[in-house]
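Q: There's a structure below that I have some questions on.
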Amino acid sequence: MSRVVDRGGPRHWLDNAIRLIEADARRSADTHLLRYPLPASWCDGVDVALYLKDETTHITGSLKHRLARSLFLYALCNGWVHEGTTIVEASSGSTAVSEAYFAAMLGLPFVAVMPASTSSSKVALIEAQGGRCHFVQRSSEVYAEAQRVAQETGGHYLDQFTNAERATDWRGNNNIAESIFSQMQQEQHPVPEWIVVGAGTGGTSATLGRYIRYRRHSTKLCVVDPENSAFFESYERGEDVVTGASSRIEGIGRPRVEPSFLPHVVDRMVSVPDAASVAAAHHVSRVLDRRVGASTGTNIWGAFGLLAEMVEQGRSGSVVTLLADSGDRYADTYFSPEWLETMELDTSGPAAKLSEFERSCSWV
């Protein structure tokens, strides 16, 4: 006699959850691609351009909105999330803000596991989206604690650090790579010489690097990494590294090499001092007349170095990087002289280098 086990059932709630997420995406226009104003005087016959993919225009204000949407669709379509499932994530930053937004949209409880040292402003942003914050004493504990909370509640741990590279369809479907190349089509140099990004989960660099290869573009991918992060040292040494320290540049840098980071799709890595990241954030904020976060500063530092290299070599072309989130979230840190002094971050040297770059395109 045949034996049958039937675990299927009505998919009304699942169908509606996916519809809600897709409808939210369709209500949103694509993020802007801004041309950064570079001085024409120092180009000396070399035509270079810098573009910023402005991810702050997402409804939750950062690049992580894309990731959160992908993680929810990935979990829903894999059958891991159902009506009433508690959603859990290890995050104290923009990912948790965006995930809390999507959880609230679907009527699901959301818990963000984070270090007790997380700033009150970040906690407030997550709570404003309907999320609950669960604290641990050490940042290294967030992974295991998020898994424990998910098990205790019968919920689902989204695990951005493992699933970021697999949740996004890197071949297209309006991912950030497809969007950049589509928006560049009518520019003077439509295929960028370089795309510059930081690595937090590693998902964005994985998506970009795979897409570049899939479409057979000549573009190279540069990943910039802040102090105390394991990604650069691991890339340099060709082996996994654990630093045991947390990054001061929120949104990028990790004390371990996350599973979503794919080093073999990265063409170059650059280690950026934290003071340089902050100085660049201040510099770009003045140029754009709007505050940008320090991870954008890290991106800009790397992009400026590549532009100077291109000019020195007499190579025309374009560079694209990301404006990852708004600097308004960091009024009490990166834009606070008192906080910078407490962190012993002296931005005067990097600020002088940035000024000289804009004057002469020198990067020494």
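Residues in the structure tokens are numbered from 1 in each chain, the chains being A, B, ... in the order shown, and ligands are numbered from 1 in the order shown.
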I'd like to know which residues of segment 64-140 of chain A are helix (DSSP H, G or I) (by DSSP, run on the backbone); could you write them as a PyMOL selection string?

A: chain A and resi 64-77+94-105+120-128+139-140

Q: For Val111 of chain A, list every protein, DNA or RNA residue within 9 Å, evaluated using only C-alpha atoms, and leave out those in the same chain fewer than 4 positions away; present the list as a compact mmCIF listing (two decimals) with all heavy atoms, in the first residue's frame.

A:
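Output file part-v5.txt is given in full below:
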# COMPACT_ATOMS: atom_id res chain seq x y z
N THR A 86 8.07 34.64 13.91
CA THR A 86 8.93 35.70 14.43
C THR A 86 10.20 35.76 13.58
O THR A 86 10.88 34.75 13.38
CB THR A 86 9.31 35.44 15.90
OG1 THR A 86 8.12 35.46 16.69
CG2 THR A 86 10.29 36.49 16.40
N ILE A 87 10.51 36.93 13.07
CA ILE A 87 11.70 37.14 12.25
C ILE A 87 12.82 37.65 13.14
O ILE A 87 12.64 38.60 13.91
CB ILE A 87 11.43 38.15 11.12
CG1 ILE A 87 10.22 37.71 10.28
CG2 ILE A 87 12.66 38.32 10.25
CD1 ILE A 87 10.40 36.38 9.59
N VAL A 88 14.00 37.03 13.03
CA VAL A 88 15.14 37.38 13.87
C VAL A 88 16.34 37.68 12.98
O VAL A 88 16.55 37.02 11.96
CB VAL A 88 15.49 36.22 14.83
CG1 VAL A 88 16.63 36.63 15.77
CG2 VAL A 88 14.27 35.79 15.64
N GLU A 89 17.12 38.69 13.35
CA GLU A 89 18.33 39.03 12.62
C GLU A 89 19.42 39.47 13.58
O GLU A 89 19.14 40.03 14.64
CB GLU A 89 18.05 40.14 11.60
CG GLU A 89 19.25 40.51 10.72
CD GLU A 89 19.74 39.34 9.87
OE1 GLU A 89 20.50 38.51 10.41
OE2 GLU A 89 19.37 39.28 8.69
N ALA A 90 20.66 39.22 13.21
CA ALA A 90 21.82 39.74 13.93
C ALA A 90 22.24 41.03 13.25
O ALA A 90 22.91 41.02 12.22
CB ALA A 90 22.96 38.72 13.91
N ALA A 96 18.74 45.91 9.97
CA ALA A 96 17.65 45.70 10.92
C ALA A 96 16.52 46.70 10.70
O ALA A 96 15.34 46.35 10.81
CB ALA A 96 18.16 45.80 12.35
N ALA A 100 12.91 45.30 9.72
CA ALA A 100 11.77 45.62 10.58
C ALA A 100 10.63 46.20 9.76
O ALA A 100 9.44 45.93 10.02
CB ALA A 100 12.19 46.61 11.67
N GLY A 131 10.23 47.13 15.23
CA GLY A 131 11.09 46.05 15.67
C GLY A 131 11.37 46.09 17.16
O GLY A 131 11.18 47.11 17.82
N ARG A 132 11.84 44.96 17.70
CA ARG A 132 12.27 44.87 19.10
C ARG A 132 13.75 44.58 19.13
O ARG A 132 14.24 43.76 18.34
CB ARG A 132 11.49 43.77 19.83
CG ARG A 132 11.94 43.56 21.28
CD ARG A 132 10.98 42.63 22.02
NE ARG A 132 11.04 41.25 21.56
CZ ARG A 132 11.92 40.35 22.01
NH1 ARG A 132 12.86 40.70 22.88
NH2 ARG A 132 11.88 39.11 21.56
N CYS A 133 14.49 45.24 20.02
CA CYS A 133 15.93 45.07 20.11
C CYS A 133 16.28 44.15 21.28
O CYS A 133 15.79 44.35 22.40
CB CYS A 133 16.62 46.42 20.26
SG CYS A 133 16.34 47.52 18.84
N HIS A 134 17.13 43.19 21.02
CA HIS A 134 17.58 42.21 22.02
C HIS A 134 19.10 42.34 22.13
O HIS A 134 19.81 42.21 21.12
CB HIS A 134 17.18 40.80 21.57
CG HIS A 134 17.63 39.71 22.49
ND1 HIS A 134 16.84 39.24 23.53
CD2 HIS A 134 18.79 39.00 22.54
CE1 HIS A 134 17.49 38.28 24.17
NE2 HIS A 134 18.67 38.12 23.59
N ALA A 146 21.17 35.14 18.05
CA ALA A 146 20.07 35.27 17.08
C ALA A 146 19.49 33.90 16.75
O ALA A 146 18.27 33.73 16.67
CB ALA A 146 20.58 35.95 15.81
N VAL A 149 17.42 32.79 19.82
CA VAL A 149 16.14 33.49 19.91
C VAL A 149 15.15 32.93 18.89
O VAL A 149 13.96 32.73 19.19
CB VAL A 149 16.33 35.01 19.72
CG1 VAL A 149 14.98 35.71 19.59
CG2 VAL A 149 17.13 35.59 20.88
N ALA A 150 15.63 32.64 17.69
CA ALA A 150 14.77 32.08 16.65
C ALA A 150 14.23 30.71 17.08
O ALA A 150 13.04 30.42 16.91
CB ALA A 150 15.51 31.98 15.33

Q: Excluding Tyr214 of chain A and residues on its chain fewer than 5 positions from it, collect all residues at most 9 Å away from it, counting only C-alpha atoms, and give them as a PDB file with all heavy atoms, in the first residue's frame.

A:
ATOM      1  N   TRP A 170      21.819  37.392  -8.930  1.00  0.00           N
ATOM      2  CA  TRP A 170      22.910  38.197  -9.466  1.00  0.00           C
ATOM      3  C   TRP A 170      22.881  38.303 -10.983  1.00  0.00           C
ATOM      4  O   TRP A 170      23.576  39.124 -11.570  1.00  0.00           O
ATOM      5  CB  TRP A 170      24.261  37.627  -9.013  1.00  0.00           C
ATOM      6  CG  TRP A 170      24.393  36.141  -9.207  1.00  0.00           C
ATOM      7  CD1 TRP A 170      24.099  35.169  -8.291  1.00  0.00           C
ATOM      8  CD2 TRP A 170      24.827  35.447 -10.381  1.00  0.00           C
ATOM      9  NE1 TRP A 170      24.333  33.923  -8.821  1.00  0.00           N
ATOM     10  CE2 TRP A 170      24.778  34.061 -10.101  1.00  0.00           C
ATOM     11  CE3 TRP A 170      25.253  35.866 -11.641  1.00  0.00           C
ATOM     12  CZ2 TRP A 170      25.143  33.091 -11.037  1.00  0.00           C
ATOM     13  CZ3 TRP A 170      25.618  34.897 -12.578  1.00  0.00           C
ATOM     14  CH2 TRP A 170      25.557  33.526 -12.259  1.00  0.00           C
ATOM     15  N   ARG A 171      22.054  37.502 -11.654  1.00  0.00           N
ATOM     16  CA  ARG A 171      21.992  37.573 -13.120  1.00  0.00           C
ATOM     17  C   ARG A 171      21.125  38.719 -13.623  1.00  0.00           C
ATOM     18  O   ARG A 171      21.179  39.078 -14.792  1.00  0.00           O
ATOM     19  CB  ARG A 171      21.461  36.245 -13.666  1.00  0.00           C
ATOM     20  CG  ARG A 171      22.456  35.103 -13.532  1.00  0.00           C
ATOM     21  CD  ARG A 171      21.791  33.758 -13.673  1.00  0.00           C
ATOM     22  NE  ARG A 171      20.860  33.514 -12.565  1.00  0.00           N
ATOM     23  CZ  ARG A 171      20.287  32.350 -12.337  1.00  0.00           C
ATOM     24  NH1 ARG A 171      20.516  31.327 -13.143  1.00  0.00           N
ATOM     25  NH2 ARG A 171      19.471  32.192 -11.318  1.00  0.00           N
ATOM     26  N   GLY A 209      30.250  41.493  -8.689  1.00  0.00           N
ATOM     27  CA  GLY A 209      31.318  40.727  -9.331  1.00  0.00           C
ATOM     28  C   GLY A 209      30.786  39.639 -10.232  1.00  0.00           C
ATOM     29  O   GLY A 209      31.297  39.412 -11.355  1.00  0.00           O
TER      30      GLY A 209
END

Q: Given only C-alpha atoms as the basis, pick out the residue of A:Gly84, A:Leu323, A:Thr153, A:Glu341 nearest to His58 of chain A.

A: A:Leu323

Q: Quick one: of A:Leu221, A:Ala128, A:Ile180, A:Ala276, who's nearest to Asp30 of chain A, counting only C-alpha atoms?

A: A:Ile180

Q: Taking the DSSP secondary structure from the backbone, can you list the residues of segment 58-263 of chain A that are strand (DSSP E or B), as a ChimeraX atom specification?

A: /A:62,87-90,110-115,132-136,156-157,194-198,220-225,242,256

Q: Quick one: pull the distance between atom CA of Ile300 of chain A and atom CA of Ser277 of chain A, Å, one decimal.

A: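 For atom CA of Ile300 of chain A relative to atom CA of Ser277 of chain A, the distance reads 8.0 Å.
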